[in-house]
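Q: Structure file model-v5.txt, compact mmCIF, C-alpha atoms, is pasted below:
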```txt
# COMPACT_ATOMS: atom_id res chain seq x y z
CA MET A 19 0.00 0.00 0.00
CA SER A 20 1.60 3.27 -1.12
CA SER A 21 2.07 5.99 1.50
CA ARG A 22 2.33 8.84 -1.01
CA ALA A 23 -1.22 10.12 -0.63
CA PRO A 24 -1.11 13.94 -0.86
CA GLN A 25 -3.54 14.33 2.06
CA ASP A 26 -1.22 12.45 4.41
CA THR A 27 1.41 15.14 4.82
CA GLY A 28 2.95 14.84 8.24
CA HIS A 29 1.30 11.48 8.88
CA HIS A 30 3.73 9.01 7.31
CA ARG A 31 4.26 7.27 10.61
CA LEU A 32 2.27 4.23 11.66
CA TRP A 33 0.02 4.80 14.64
CA SER A 34 -0.49 2.03 17.17
CA VAL A 35 -4.00 0.77 17.93
CA ASP A 36 -3.71 2.15 21.46
CA GLU A 37 -2.57 5.62 20.31
CA HIS A 38 -5.47 5.90 17.86
CA LEU A 39 -8.02 4.77 20.47
CA ALA A 40 -6.62 7.24 23.03
CA ASP A 41 -6.91 10.01 20.41
CA VAL A 42 -10.56 9.09 19.73
CA LEU A 43 -11.51 8.90 23.41
CA ALA A 44 -9.77 12.20 24.20
CA ALA A 45 -12.13 13.95 21.76
CA VAL A 46 -15.34 12.33 23.00
CA ARG A 47 -17.27 13.98 25.83
CA PRO A 48 -20.21 12.28 27.59
CA LEU A 49 -23.59 13.61 26.42
CA GLU A 50 -25.47 16.13 28.58
CA PRO A 51 -27.94 14.50 31.02
CA ILE A 52 -31.68 14.61 30.38
CA GLU A 53 -34.80 13.54 32.32
CA LEU A 54 -36.42 10.48 30.73
CA GLN A 55 -39.44 8.26 31.39
CA LEU A 56 -38.40 4.92 32.90
CA LEU A 57 -38.74 2.77 29.77
CA ASP A 58 -36.99 5.38 27.64
CA ALA A 59 -34.08 5.28 30.09
CA GLN A 60 -33.41 1.55 29.60
CA GLY A 61 -29.74 0.98 28.78
CA CYS A 62 -28.80 4.53 29.82
CA VAL A 63 -26.38 5.55 32.56
CA LEU A 64 -27.84 7.12 35.71
CA VAL A 65 -26.30 10.51 36.58
CA GLU A 66 -27.77 10.92 40.09
CA ASP A 67 -27.89 8.86 43.26
CA VAL A 68 -31.48 7.70 43.77
CA THR A 69 -32.62 7.34 47.39
CA VAL A 70 -35.68 5.46 48.57
CA PRO A 71 -38.58 7.79 49.47
CA VAL A 72 -40.75 5.06 51.00
CA ALA A 73 -39.93 1.75 52.68
CA LEU A 74 -40.48 -1.40 50.60
CA PRO A 75 -42.76 -3.07 51.30
CA PRO A 76 -44.56 -0.03 52.78
CA PHE A 77 -46.51 -2.20 55.29
CA ASP A 78 -46.36 -5.65 56.89
CA ASN A 79 -47.98 -7.99 54.39
CA SER A 80 -48.72 -11.64 53.81
CA SER A 81 -46.42 -13.83 51.72
CA MET A 82 -49.14 -16.52 51.38
CA ASP A 83 -52.82 -16.99 50.70
CA GLY A 84 -54.27 -18.11 54.02
CA TYR A 85 -55.58 -16.78 57.33
CA ALA A 86 -54.26 -14.00 59.52
CA VAL A 87 -54.31 -15.25 63.13
CA ARG A 88 -53.14 -14.58 66.67
CA THR A 89 -50.39 -17.06 67.60
CA ALA A 90 -51.97 -17.93 70.99
CA ASP A 91 -55.14 -19.14 69.19
CA VAL A 92 -53.31 -21.73 67.07
CA GLN A 93 -50.79 -22.93 69.66
CA GLY A 94 -50.77 -26.75 69.75
CA ALA A 95 -53.16 -27.04 66.78
CA SER A 96 -53.04 -30.40 64.92
CA GLU A 97 -55.11 -32.37 62.41
CA GLU A 98 -56.56 -34.35 65.31
CA PHE A 99 -57.22 -31.27 67.47
CA PRO A 100 -57.60 -28.30 65.13
CA ALA A 101 -58.00 -24.75 66.39
CA VAL A 102 -61.49 -23.55 65.42
CA LEU A 103 -61.58 -19.81 64.69
CA MET A 104 -64.33 -17.39 63.63
CA VAL A 105 -63.63 -15.78 60.25
CA VAL A 106 -64.31 -12.03 60.53
CA GLY A 107 -63.68 -10.91 56.94
CA ASP A 108 -61.44 -10.83 53.86
CA VAL A 109 -58.22 -8.90 53.41
CA ALA A 110 -57.25 -8.60 49.75
CA ALA A 111 -54.21 -6.88 48.24
CA GLY A 112 -55.08 -3.19 48.06
CA SER A 113 -57.59 -3.41 50.94
CA GLY A 114 -58.18 -0.12 52.70
CA GLU A 115 -60.53 -0.86 55.64
CA LEU A 116 -59.06 -3.78 57.61
CA PRO A 117 -60.97 -6.00 60.06
CA THR A 118 -59.42 -6.30 63.51
CA VAL A 119 -58.53 -9.87 64.49
CA GLY A 120 -59.54 -10.45 68.11
CA PRO A 121 -59.07 -13.55 70.33
CA GLY A 122 -60.50 -16.70 68.70
CA GLN A 123 -60.81 -14.93 65.35
CA ALA A 124 -59.10 -15.06 61.91
CA ALA A 125 -59.28 -13.10 58.65
CA ARG A 126 -58.89 -14.59 55.17
CA ILE A 127 -55.82 -12.93 53.67
CA MET A 128 -54.33 -12.92 50.19
CA THR A 129 -50.68 -12.73 49.16
CA GLY A 130 -49.43 -9.13 49.32
CA ALA A 131 -52.36 -7.95 51.45
CA PRO A 132 -51.61 -5.89 54.57
CA LEU A 133 -51.55 -7.76 57.89
CA PRO A 134 -54.71 -6.66 59.73
CA PRO A 135 -54.53 -5.21 63.25
CA GLY A 136 -54.46 -7.84 66.00
CA ALA A 137 -53.00 -10.57 63.73
CA GLU A 138 -49.47 -11.80 64.46
CA ALA A 139 -48.94 -14.49 61.81
CA VAL A 140 -50.39 -16.03 58.66
CA VAL A 141 -51.28 -19.70 58.34
CA PRO A 142 -51.29 -20.90 54.68
CA VAL A 143 -54.68 -22.12 53.45
CA GLU A 144 -53.14 -25.60 53.00
CA TRP A 145 -52.76 -25.79 56.82
CA THR A 146 -56.55 -25.35 57.20
CA ASP A 147 -59.86 -26.79 55.98
CA GLY A 148 -60.43 -23.58 54.00
CA GLY A 149 -63.64 -22.98 55.97
CA THR A 150 -65.35 -26.00 54.39
CA GLY A 151 -65.46 -28.19 57.47
CA GLY A 152 -63.65 -30.94 55.50
CA GLY A 153 -59.98 -31.99 55.33
CA ALA A 154 -56.94 -29.94 54.30
CA ALA A 155 -57.76 -27.37 51.63
CA SER A 156 -55.71 -27.08 48.44
CA GLY A 157 -56.78 -23.49 47.81
CA MET A 158 -59.42 -20.88 48.44
CA THR A 159 -62.81 -20.59 46.78
CA PRO A 160 -62.82 -17.37 44.71
CA ALA A 161 -64.33 -14.47 46.64
CA SER A 162 -66.85 -13.79 43.87
CA ALA A 163 -68.16 -17.36 44.04
CA ALA A 164 -68.21 -17.66 47.82
CA PRO A 165 -68.82 -14.38 49.66
CA GLU A 166 -69.83 -16.51 52.66
CA GLY A 167 -66.18 -17.74 52.81
CA ALA A 168 -65.32 -14.51 54.59
CA GLY A 169 -67.55 -15.59 57.48
CA GLY A 170 -68.18 -18.81 59.39
CA GLU A 171 -65.52 -21.02 60.96
CA VAL A 172 -62.10 -22.23 59.85
CA ARG A 173 -60.19 -25.20 61.29
CA VAL A 174 -56.42 -24.67 61.54
CA HIS A 175 -54.36 -27.88 61.63
CA ARG A 176 -50.91 -26.48 62.48
CA ALA A 177 -49.45 -23.94 64.89
CA ALA A 178 -47.69 -20.81 63.56
CA GLU A 179 -44.81 -18.86 65.10
CA ALA A 180 -45.07 -15.08 65.45
CA ARG A 181 -44.44 -13.30 62.11
CA ALA A 182 -44.74 -16.58 60.15
CA HIS A 183 -45.39 -15.84 56.43
CA VAL A 184 -45.31 -12.08 57.08
CA ARG A 185 -43.08 -9.81 55.00
CA ALA A 186 -42.00 -7.02 57.33
CA ARG A 187 -42.35 -3.37 56.37
CA GLY A 188 -39.01 -2.17 54.94
CA SER A 189 -37.59 -5.70 54.64
CA ASP A 190 -36.64 -4.95 50.99
CA VAL A 191 -35.41 -1.35 51.38
CA GLN A 192 -35.83 1.30 54.06
CA ALA A 193 -36.79 4.91 53.39
CA GLY A 194 -33.58 6.93 52.92
CA ASP A 195 -31.56 3.95 51.65
CA LEU A 196 -29.49 4.40 48.48
CA ALA A 197 -31.51 2.60 45.82
CA LEU A 198 -29.16 3.11 42.84
CA ALA A 199 -25.84 4.95 42.61
CA ALA A 200 -24.91 7.42 39.87
CA GLY A 201 -23.11 5.52 37.08
CA THR A 202 -25.49 2.53 37.19
CA VAL A 203 -26.59 1.25 33.78
CA LEU A 204 -30.37 0.86 33.88
CA GLY A 205 -31.44 -2.68 32.97
CA PRO A 206 -34.81 -4.33 33.65
CA PRO A 207 -34.17 -5.01 37.39
CA GLN A 208 -33.05 -1.42 38.01
CA ILE A 209 -36.09 -0.04 36.17
CA ALA A 210 -38.29 -2.34 38.29
CA LEU A 211 -36.76 -0.90 41.47
CA LEU A 212 -37.26 2.69 40.28
CA ALA A 213 -40.92 1.96 39.53
CA ALA A 214 -41.36 0.18 42.88
CA ILE A 215 -40.15 3.24 44.81
CA GLY A 216 -42.46 5.49 42.79
CA ARG A 217 -40.01 7.13 40.39
CA GLY A 218 -41.71 7.90 37.04
CA THR A 219 -38.71 9.65 35.48
CA VAL A 220 -34.97 9.56 36.03
CA ARG A 221 -31.92 11.68 35.05
CA VAL A 222 -29.60 9.85 32.69
CA ARG A 223 -27.20 10.44 29.84
CA PRO A 224 -29.22 9.70 26.68
CA ARG A 225 -28.37 7.02 24.13
CA PRO A 226 -25.93 8.46 21.58
CA ARG A 227 -27.38 8.97 18.08
CA VAL A 228 -25.01 7.34 15.61
CA VAL A 229 -25.34 7.91 11.87
CA VAL A 230 -23.74 5.22 9.69
CA LEU A 231 -22.90 6.05 6.04
CA SER A 232 -21.40 3.59 3.59
CA THR A 233 -19.73 4.90 0.45
CA GLY A 234 -19.18 3.33 -2.93
CA SER A 235 -20.80 3.55 -6.36
CA GLU A 236 -20.68 -0.25 -6.53
CA LEU A 237 -23.05 -0.70 -3.57
CA VAL A 238 -26.65 -1.84 -4.03
CA GLN A 239 -29.27 -2.04 -1.25
CA PRO A 240 -30.35 -5.58 -0.25
CA GLY A 241 -33.58 -6.59 -1.97
CA GLU A 242 -32.65 -4.84 -5.21
CA PRO A 243 -31.22 -6.67 -8.28
CA LEU A 244 -27.43 -6.76 -8.71
CA ALA A 245 -26.04 -5.35 -11.95
CA ALA A 246 -22.61 -6.31 -13.30
CA GLY A 247 -19.80 -5.09 -11.04
CA THR A 248 -22.07 -4.29 -8.07
CA ILE A 249 -22.29 -5.82 -4.59
CA TYR A 250 -24.79 -5.55 -1.76
CA ASP A 251 -24.14 -2.96 0.93
CA SER A 252 -23.57 -5.05 4.06
CA ASN A 253 -21.33 -2.64 6.00
CA SER A 254 -24.00 -0.06 6.82
CA PHE A 255 -26.25 -2.83 8.16
CA ALA A 256 -23.42 -4.44 10.16
CA LEU A 257 -22.31 -1.15 11.71
CA ALA A 258 -25.82 0.14 12.45
CA ALA A 259 -26.59 -3.17 14.19
CA ALA A 260 -23.27 -3.00 16.09
CA ALA A 261 -24.00 0.60 17.15
CA ARG A 262 -27.41 -0.46 18.46
CA ASP A 263 -25.78 -3.40 20.23
CA ALA A 264 -23.36 -0.98 21.91
CA GLY A 265 -26.28 1.04 23.32
CA ALA A 266 -26.76 3.71 20.65
CA ILE A 267 -29.72 4.81 18.56
CA ALA A 268 -28.52 4.00 15.03
CA TYR A 269 -29.53 5.72 11.79
CA ARG A 270 -28.42 3.95 8.60
CA VAL A 271 -27.96 6.04 5.47
CA GLY A 272 -28.03 4.13 2.16
CA ALA A 273 -24.79 3.98 0.22
CA VAL A 274 -23.45 7.32 -1.05
CA ALA A 275 -21.89 7.28 -4.54
CA ASP A 276 -18.19 8.05 -5.02
CA ASP A 277 -18.60 11.80 -5.33
CA ALA A 278 -17.03 14.16 -2.80
CA ASP A 279 -19.66 16.92 -3.13
CA THR A 280 -22.52 14.46 -2.66
CA LEU A 281 -20.83 12.98 0.42
CA ARG A 282 -20.19 16.43 1.93
CA ALA A 283 -23.83 17.41 1.37
CA THR A 284 -25.05 14.12 2.89
CA ILE A 285 -22.87 14.58 5.98
CA GLU A 286 -24.12 18.15 6.37
CA ASP A 287 -27.73 16.90 6.20
CA GLN A 288 -27.08 14.19 8.78
CA LEU A 289 -25.38 16.40 11.39
CA ILE A 290 -28.79 17.48 12.75
CA ARG A 291 -29.37 14.00 14.19
CA ALA A 292 -25.84 12.81 14.95
CA ASP A 293 -23.84 12.66 18.15
CA LEU A 294 -21.33 10.54 16.22
CA LEU A 295 -20.83 9.90 12.49
CA VAL A 296 -19.36 6.68 11.12
CA THR A 297 -18.38 6.29 7.47
CA THR A 298 -17.17 3.10 5.87
CA GLY A 299 -15.10 2.90 2.70
CA GLY A 300 -13.10 5.48 0.78
CA VAL A 301 -10.26 5.99 3.30
CA SER A 302 -7.33 4.34 1.53
CA VAL A 303 -5.07 5.72 -1.22
CA GLY A 304 -7.05 4.94 -4.39
CA ALA A 305 -8.24 7.48 -6.95
CA TYR A 306 -11.87 7.01 -5.83
CA ASP A 307 -11.36 7.13 -2.06
CA VAL A 308 -14.07 9.71 -1.69
CA VAL A 309 -14.27 10.02 2.12
CA LYS A 310 -10.66 11.11 2.24
CA GLU A 311 -11.20 13.53 -0.66
CA ALA A 312 -14.39 15.01 0.79
CA LEU A 313 -13.17 15.46 4.34
CA THR A 314 -9.67 16.75 3.59
CA ALA A 315 -10.68 19.21 0.84
CA ALA A 316 -11.74 22.08 3.10
CA GLY A 317 -10.29 21.30 6.51
CA GLY A 318 -7.11 19.87 5.07
CA GLY A 319 -7.27 17.21 7.73
CA SER A 320 -5.36 19.60 9.94
CA GLY A 321 -8.12 20.67 12.33
CA THR A 322 -7.70 24.31 11.23
CA GLY A 323 -10.89 24.72 9.17
CA ASP A 324 -12.89 27.94 9.02
CA GLY A 325 -16.00 26.54 10.76
CA GLU A 326 -18.34 27.24 7.82
CA GLU A 327 -18.41 23.84 6.16
CA PRO A 328 -19.42 20.56 7.85
CA GLN A 329 -15.92 19.19 7.28
CA ALA A 330 -14.19 22.19 8.83
CA GLY A 331 -13.31 20.57 12.15
CA GLY A 332 -10.73 18.54 10.32
CA VAL A 333 -10.48 14.79 9.81
CA ASP A 334 -7.06 13.21 10.06
CA PHE A 335 -6.34 10.15 7.90
CA ARG A 336 -3.65 7.83 9.17
CA LYS A 337 -2.26 4.35 8.92
CA LEU A 338 -2.41 2.02 11.91
CA ALA A 339 -0.07 -0.83 12.78
CA MET A 340 -2.90 -3.36 12.62
CA GLN A 341 -4.41 -5.97 10.33
CA PRO A 342 -7.13 -5.75 9.15
CA GLY A 343 -8.00 -2.05 9.28
CA LYS A 344 -4.73 -0.25 8.48
CA PRO A 345 -6.31 2.93 6.97
CA GLN A 346 -8.38 4.94 9.45
CA GLY A 347 -9.72 8.47 9.67
CA PHE A 348 -10.79 10.42 12.73
CA GLY A 349 -11.74 14.00 13.50
CA THR A 350 -14.67 16.33 14.07
CA VAL A 351 -17.06 17.91 11.59
CA GLY A 352 -19.65 20.67 11.61
CA PRO A 353 -20.33 23.65 13.87
CA ASP A 354 -20.72 21.43 16.96
CA HIS A 355 -17.51 19.51 16.26
CA THR A 356 -19.35 16.22 15.96
CA PRO A 357 -16.90 13.30 16.13
CA LEU A 358 -16.49 11.34 12.89
CA LEU A 359 -14.77 7.99 12.50
CA ALA A 360 -13.92 6.97 8.94
CA LEU A 361 -13.51 3.20 8.72
CA PRO A 362 -12.14 1.09 5.87
CA GLY A 363 -14.57 -0.44 3.38
CA ASN A 364 -13.67 -4.11 3.58
CA PRO A 365 -16.43 -5.76 5.66
CA VAL A 366 -14.16 -7.45 8.20
CA SER A 367 -11.87 -4.41 8.45
CA SER A 368 -14.84 -2.14 9.11
CA TYR A 369 -16.32 -4.47 11.73
CA VAL A 370 -13.01 -4.97 13.56
CA SER A 371 -12.42 -1.20 13.42
CA PHE A 372 -15.89 -0.61 14.87
CA GLU A 373 -15.18 -2.96 17.79
CA LEU A 374 -11.82 -1.32 18.54
CA PHE A 375 -12.68 2.37 18.06
CA VAL A 376 -16.38 3.15 17.49
CA ARG A 377 -17.84 0.98 20.26
CA PRO A 378 -15.59 2.61 22.90
CA ALA A 379 -16.55 6.06 21.54
CA ILE A 380 -20.26 5.22 21.87
CA ARG A 381 -19.77 3.93 25.42
CA ALA A 382 -17.79 7.06 26.36
CA LEU A 383 -20.63 9.26 24.98
CA MET A 384 -23.00 7.29 27.25
CA GLY A 385 -20.87 8.29 30.24
CA LEU A 386 -19.65 4.82 31.14
CA PRO A 387 -16.43 4.64 33.17
CA ALA A 388 -13.17 3.97 31.30
CA SER A 389 -13.14 0.39 32.62
CA GLN A 390 -16.40 -0.38 30.76
CA VAL A 391 -15.68 1.40 27.49
CA SER A 392 -13.88 -1.45 25.69
CA ARG A 393 -14.89 -5.10 25.75
CA PRO A 394 -13.04 -7.13 28.40
CA SER A 395 -10.52 -9.63 27.05
CA VAL A 396 -9.63 -13.10 28.32
CA ARG A 397 -6.71 -15.49 27.83
CA ALA A 398 -7.24 -18.69 25.87
CA VAL A 399 -5.12 -21.52 24.45
CA LEU A 400 -4.86 -21.74 20.66
CA LYS A 401 -6.48 -24.86 19.27
CA ALA A 402 -5.39 -25.19 15.64
CA ASP A 403 -3.85 -27.67 13.19
CA GLU A 404 -0.95 -25.40 12.25
CA PRO A 405 0.78 -22.25 13.56
CA LEU A 406 -0.92 -18.88 13.03
CA GLY A 407 1.12 -16.46 10.95
CA SER A 408 1.01 -12.73 11.63
CA PRO A 409 2.71 -9.78 9.90
CA ALA A 410 5.67 -8.24 11.73
CA ALA A 411 5.01 -4.95 13.56
CA ARG A 412 1.22 -5.27 13.12
CA ARG A 413 -1.34 -6.17 15.76
CA GLN A 414 -3.48 -8.78 14.04
CA PHE A 415 -7.13 -9.46 14.80
CA LEU A 416 -8.37 -12.85 13.60
CA ARG A 417 -11.89 -14.24 13.83
CA GLY A 418 -12.26 -17.11 16.25
CA LYS A 419 -14.54 -19.47 18.15
CA TYR A 420 -13.99 -19.30 21.91
CA ASP A 421 -14.79 -22.21 24.21
CA PRO A 422 -14.98 -20.72 27.73
CA GLU A 423 -15.30 -24.13 29.42
CA ALA A 424 -12.19 -25.57 27.78
CA GLY A 425 -10.41 -22.20 27.76
CA THR A 426 -9.50 -22.66 24.08
CA VAL A 427 -9.91 -20.62 20.91
CA SER A 428 -9.93 -21.81 17.29
CA PRO A 429 -9.52 -19.61 14.20
CA VAL A 430 -12.51 -19.29 11.84
CA GLY A 431 -11.83 -18.68 8.14
CA GLY A 432 -8.71 -17.07 6.73
CA SER A 433 -7.13 -13.69 7.38
CA GLY A 434 -8.69 -11.97 4.33
CA SER A 435 -10.46 -8.74 5.23
CA HIS A 436 -13.37 -9.46 2.84
CA LEU A 437 -14.38 -12.82 4.35
CA ILE A 438 -17.75 -11.87 5.81
CA ALA A 439 -19.09 -15.44 6.07
CA ALA A 440 -16.32 -16.34 8.52
CA LEU A 441 -17.18 -13.29 10.62
CA ALA A 442 -20.77 -14.49 10.95
CA HIS A 443 -19.55 -17.77 12.45
CA ALA A 444 -17.03 -16.18 14.82
CA ASP A 445 -17.79 -15.15 18.40
CA CYS A 446 -14.48 -13.52 19.33
CA LEU A 447 -11.42 -11.75 18.01
CA ILE A 448 -8.03 -13.43 18.45
CA VAL A 449 -5.33 -10.82 19.13
CA VAL A 450 -1.78 -11.49 17.92
CA PRO A 451 0.62 -8.85 19.31
CA GLU A 452 2.83 -6.64 17.13
CA ASP A 453 6.06 -8.44 18.08
CA VAL A 454 4.77 -11.96 17.29
CA THR A 455 4.91 -13.38 13.74
CA SER A 456 3.92 -16.97 14.50
CA VAL A 457 1.76 -18.57 17.19
CA GLU A 458 2.10 -22.30 17.81
CA PRO A 459 -0.95 -24.44 18.67
CA GLY A 460 -1.14 -24.69 22.47
CA ALA A 461 0.17 -21.16 23.01
CA GLU A 462 -1.85 -18.73 25.11
CA LEU A 463 -3.36 -15.67 23.42
CA GLU A 464 -5.52 -12.66 24.21
CA VAL A 465 -9.12 -13.15 23.06
CA VAL A 466 -11.91 -10.54 22.92
CA PRO A 467 -15.33 -12.25 23.19
CA LEU A 468 -17.93 -10.44 21.06
CA GLY A 469 -21.03 -11.76 22.85
```
Taking this structure as input, can you express it in the form of structure tokens?
A:
Amino acid sequence: MSSRAPQDTGHHRLWSVDEHLADVLAAVRPLEPIELQLLDAQGCVLVEDVTVPVALPPFDNSSMDGYAVRTADVQGASEEFPAVLMVVGDVAAGSGELPTVGPGQAARIMTGAPLPPGAEAVVPVEWTDGGTGGGAASGMTPASAAPEGAGGEVRVHRAAEARAHVRARGSDVQAGDLALAAGTVLGPPQIALLAAIGRGTVRVRPRPRVVVLSTGSELVQPGEPLAAGTIYDSNSFALAAAARDAGAIAYRVGAVADDADTLRATIEDQLIRADLLVTTGGVSVGAYDVVKEALTAAGGGSGTGDGEEPQAGGVDFRKLAMQPGKPQGFGTVGPDHTPLLALPGNPVSSYVSFELFVRPAIRALMGLPASQVSRPSVRAVLKADEPLGSPAARRQFLRGKYDPEAGTVSPVGGSGSHLIAALAHADCLIVVPEDVTSVEPGAELEVVPLG
């Protein structure tokens, strides 16, 4: 690959993967917090400590369907000598007016219903005759079918300790407790807790809006017929799906033809809805590498643009010491200096580049801590028939299948950067360091699971 591209002045050197990532992350600021409804906040990062306004549960309540009783009345009760109690009413979940349970009395109570005054324990319905005068009950007659079940007598066949089958007020959380700390990512359990303590909205950093543009006059949208010399646009679908997977709201723009003016106009149009722009293709040194042409024409790639054009922030094109994904571009565009990452066009190169650079940028925009920005890696033993070759002074990323139980990893497909079928069957990236040119089967390697 020639390094004589006119736009590359001052950038002949090879950048390391780590230097390029650090450069990207240094330019990305977390998005400003907003107040969102609970379900809209799913996947977002909380920016405030949330304390509990009310104890959970807010009152002593029953954990069983059964009868609320006084312990003295059921002491020594057995099948042979049951305790016979007068039923004074029903207590359902949501009941307001509660009957008082006096000596020799019981109240039918449902799961989640408040413990009525006077009662000290709950005996499950299975420990009683259910008020039928027969043997052990298997359940209660529905209230609508048997209003008389709330009166009459019930026989209790077993004793109950104080507080048996009673969930104490505040046994989940107490008022004033810290429910969720700032920095928590809101998943379903966290949203459940927020709803349970009465929070309808919450302050979070919003999901980043990521616009994905693929470039190339040869690209056709899936579902349309292929003409000679054309291929389907898979990159914009892969990267939009990956952006969504990383926690972003993704907007996919159909392929833009190889024309610098068209690309500049498209980028300008998209800035209104972008916190981050991702292009794929057109970043190498060919005559039709339109992304490079479009984004270096006005800003010169130097970051000294005049602020009037969308490309004025300056996009720097560089070569990285990695395979696949050597050509990369990064900078900011537009009046708000929106970050733009220009990825190579080969499908595997673009996907690997997304994992290494775009995903961390999205996670940084979300306000996640540095430790959660990149995917965690593991060590695994290479399981292969022959040694893996790797170019000198390049960090290589190969597709692989990782077996966490065995602690092994096997390569999938070859090292070609166009082999998209192999990528679909891989679940990890195998990392071969810059100073290693051959890895023997049985050697230990760094592996980045993609699940």
Q: Between A:Leu447, A:Leu294, A:Ala260, A:Ala442, which residue has the minimum interatomic distance to Pro429 (chain A), considering only C-alpha atoms?
A: A:Leu447
Q: Neighbouring residues of Ser232 (chain A) were defined as those with any atom within 6 Å, considering only C-alpha atoms; residues of the same chain fewer than 5 positions away were excluded. Please report them as a ChimeraX atom specification.
A: /A:254,273,297-298
Q: Tell me which of A:Val42, A:Ala124, A:Val140, A:Ala111 sits closest to Gly84 (chain A), counting all atoms listed in the file.
A: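 Residue with the minimum atom-to-atom distance to Gly84 (chain A): A:Val140.
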Q: From (-56.1, -11.3, 55.4), in the file's coordinates, out to 8 Å: which residues are reached, counting all atoms listed in the file? Answer as number ranges by chain.
A: A: 80, 84-86, 107-110, 125-128, 131-134
Q: In Å, rounded to a single decimal, give me how far CA of Ala137 (chain A) is from CA of Val191 (chain A).
A: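 For CA of Val191 (chain A) relative to CA of Ala137 (chain A), the distance reads 23.4 Å.
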Q: Skipping near chain neighbours, those fewer than 3 positions away, what residues fall within 9 Å of Ile267 (chain A) using only C-alpha atoms, listed as a list in words?
A: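 Surrounding residues, per the criterion: Arg225, Pro226, Arg227, Val228, Val229, Ala258, Ala261 and Arg262 of chain A.
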Q: For the residues selected in the previous step, produce a file with C-alpha atoms as a compact mmCIF listing (two decimals), in the frame of the given file.
A:
```txt
# COMPACT_ATOMS: atom_id res chain seq x y z
CA ARG A 225 -28.37 7.02 24.13
CA PRO A 226 -25.93 8.46 21.58
CA ARG A 227 -27.38 8.97 18.08
CA VAL A 228 -25.01 7.34 15.61
CA VAL A 229 -25.34 7.91 11.87
CA ALA A 258 -25.82 0.14 12.45
CA ALA A 261 -24.00 0.60 17.15
CA ARG A 262 -27.41 -0.46 18.46
```
Q: Select, from A:Gly234, A:Gly418, A:Ile52, A:Ser34, the residue with the minimum atom-to-atom distance to Gly343 (chain A), counting all atoms listed in the file.
A: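 Closest to Gly343 (chain A), using all atoms listed in the file: A:Ser34.
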Q: Could you work out how far CA of Leu43 (chain A) lies from CA of Pro378 (chain A), giving the answer in Å with one decimal?
A: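 We find that CA of Pro378 (chain A) and CA of Leu43 (chain A) lie 7.5 Å from each other.
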Q: Suppose you want the space between CA of Ala292 (chain A) and CA of Asp41 (chain A); what is it in Å?
A: 19.9 Å
Q: My list of candidates is A:Pro342, A:Gly136, A:Gly425, A:Gly216. Which is closest to Pro409 (chain A) when distances are computed with only C-alpha atoms?
A: A:Pro342
Q: I need every residue sitting at most 9 Å from the point (-17.4, -12.1, 26.2) (coordinates as in the file, all atoms listed in the file considered), written as a list in words.
A: Arg393, Pro394, Ser395, Val396, Asp445, Cys446, Val465, Val466, Pro467, Leu468 and Gly469 of chain A
Q: Might you pull out every residue within 8 Å of Arg223 (chain A), with all atoms listed in the file counted and same-chain residues fewer than 6 positions away left off, and present them as a PDB file with C-alpha atoms, in the frame of the given file?
A:
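Generated file (out_37.pdb):
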```pdb
ATOM      1  CA  PRO A  48     -20.210  12.280  27.590  1.00  0.00           C
ATOM      2  CA  LEU A  49     -23.590  13.610  26.420  1.00  0.00           C
ATOM      3  CA  GLU A  50     -25.470  16.130  28.580  1.00  0.00           C
ATOM      4  CA  PRO A  51     -27.940  14.500  31.020  1.00  0.00           C
ATOM      5  CA  ILE A  52     -31.680  14.610  30.380  1.00  0.00           C
ATOM      6  CA  CYS A  62     -28.800   4.530  29.820  1.00  0.00           C
ATOM      7  CA  VAL A  63     -26.380   5.550  32.560  1.00  0.00           C
ATOM      8  CA  LEU A  64     -27.840   7.120  35.710  1.00  0.00           C
ATOM      9  CA  VAL A  65     -26.300  10.510  36.580  1.00  0.00           C
ATOM     10  CA  MET A 384     -23.000   7.290  27.250  1.00  0.00           C
ATOM     11  CA  GLY A 385     -20.870   8.290  30.240  1.00  0.00           C
TER      12      GLY A 385
END
```
Q: In terms of the shortest atom-to-atom distance over only C-alpha atoms, which of A:Met82, A:Val102, A:Ala40, A:Ala410 is closest to Thr129 (chain A)?
A: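 Once distances to Thr129 (chain A) are computed over only C-alpha atoms, the minimum belongs to A:Met82.
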Q: I need the residue nearest Glu404 (chain A) from this list: A:Leu196, A:Val222, A:Ala90, A:Ala461. Use only C-alpha atoms for the distance.
A: A:Ala461
Q: I'd like the contact shell of Leu359 (chain A) - 8 Å cut-off, all atoms listed in the file, skipping same-chain residues fewer than 3 positions apart - returned as a PyMOL selection string.
A: chain A and resi 294-297+346-349+376
Q: Provide an axis-aligned box for all listed atoms of region 95-105 of chain A, padding each side by 5 Å; report its centre and its edge lengths in Å to one decimal, as AutoDock Vina command-line options.
A:
```
--center_x -58.7 --center_y -25.1 --center_z 63.9 --size_x 21.3 --size_y 28.6 --size_z 17.2
```
Q: Report as a compact mmCIF listing (two decimals) with C-alpha atoms, in the coordinates of the input all protein, DNA and RNA residues lying within 6 Å of Leu400 (chain A), evaluated on only C-alpha atoms, omitting residues in the same chain fewer than 4 positions from it.
A:
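Result file selection.txt:
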```txt
# COMPACT_ATOMS: atom_id res chain seq x y z
CA THR A 426 -9.50 -22.66 24.08
CA VAL A 427 -9.91 -20.62 20.91
CA PRO A 459 -0.95 -24.44 18.67
CA GLY A 460 -1.14 -24.69 22.47
CA ALA A 461 0.17 -21.16 23.01
```
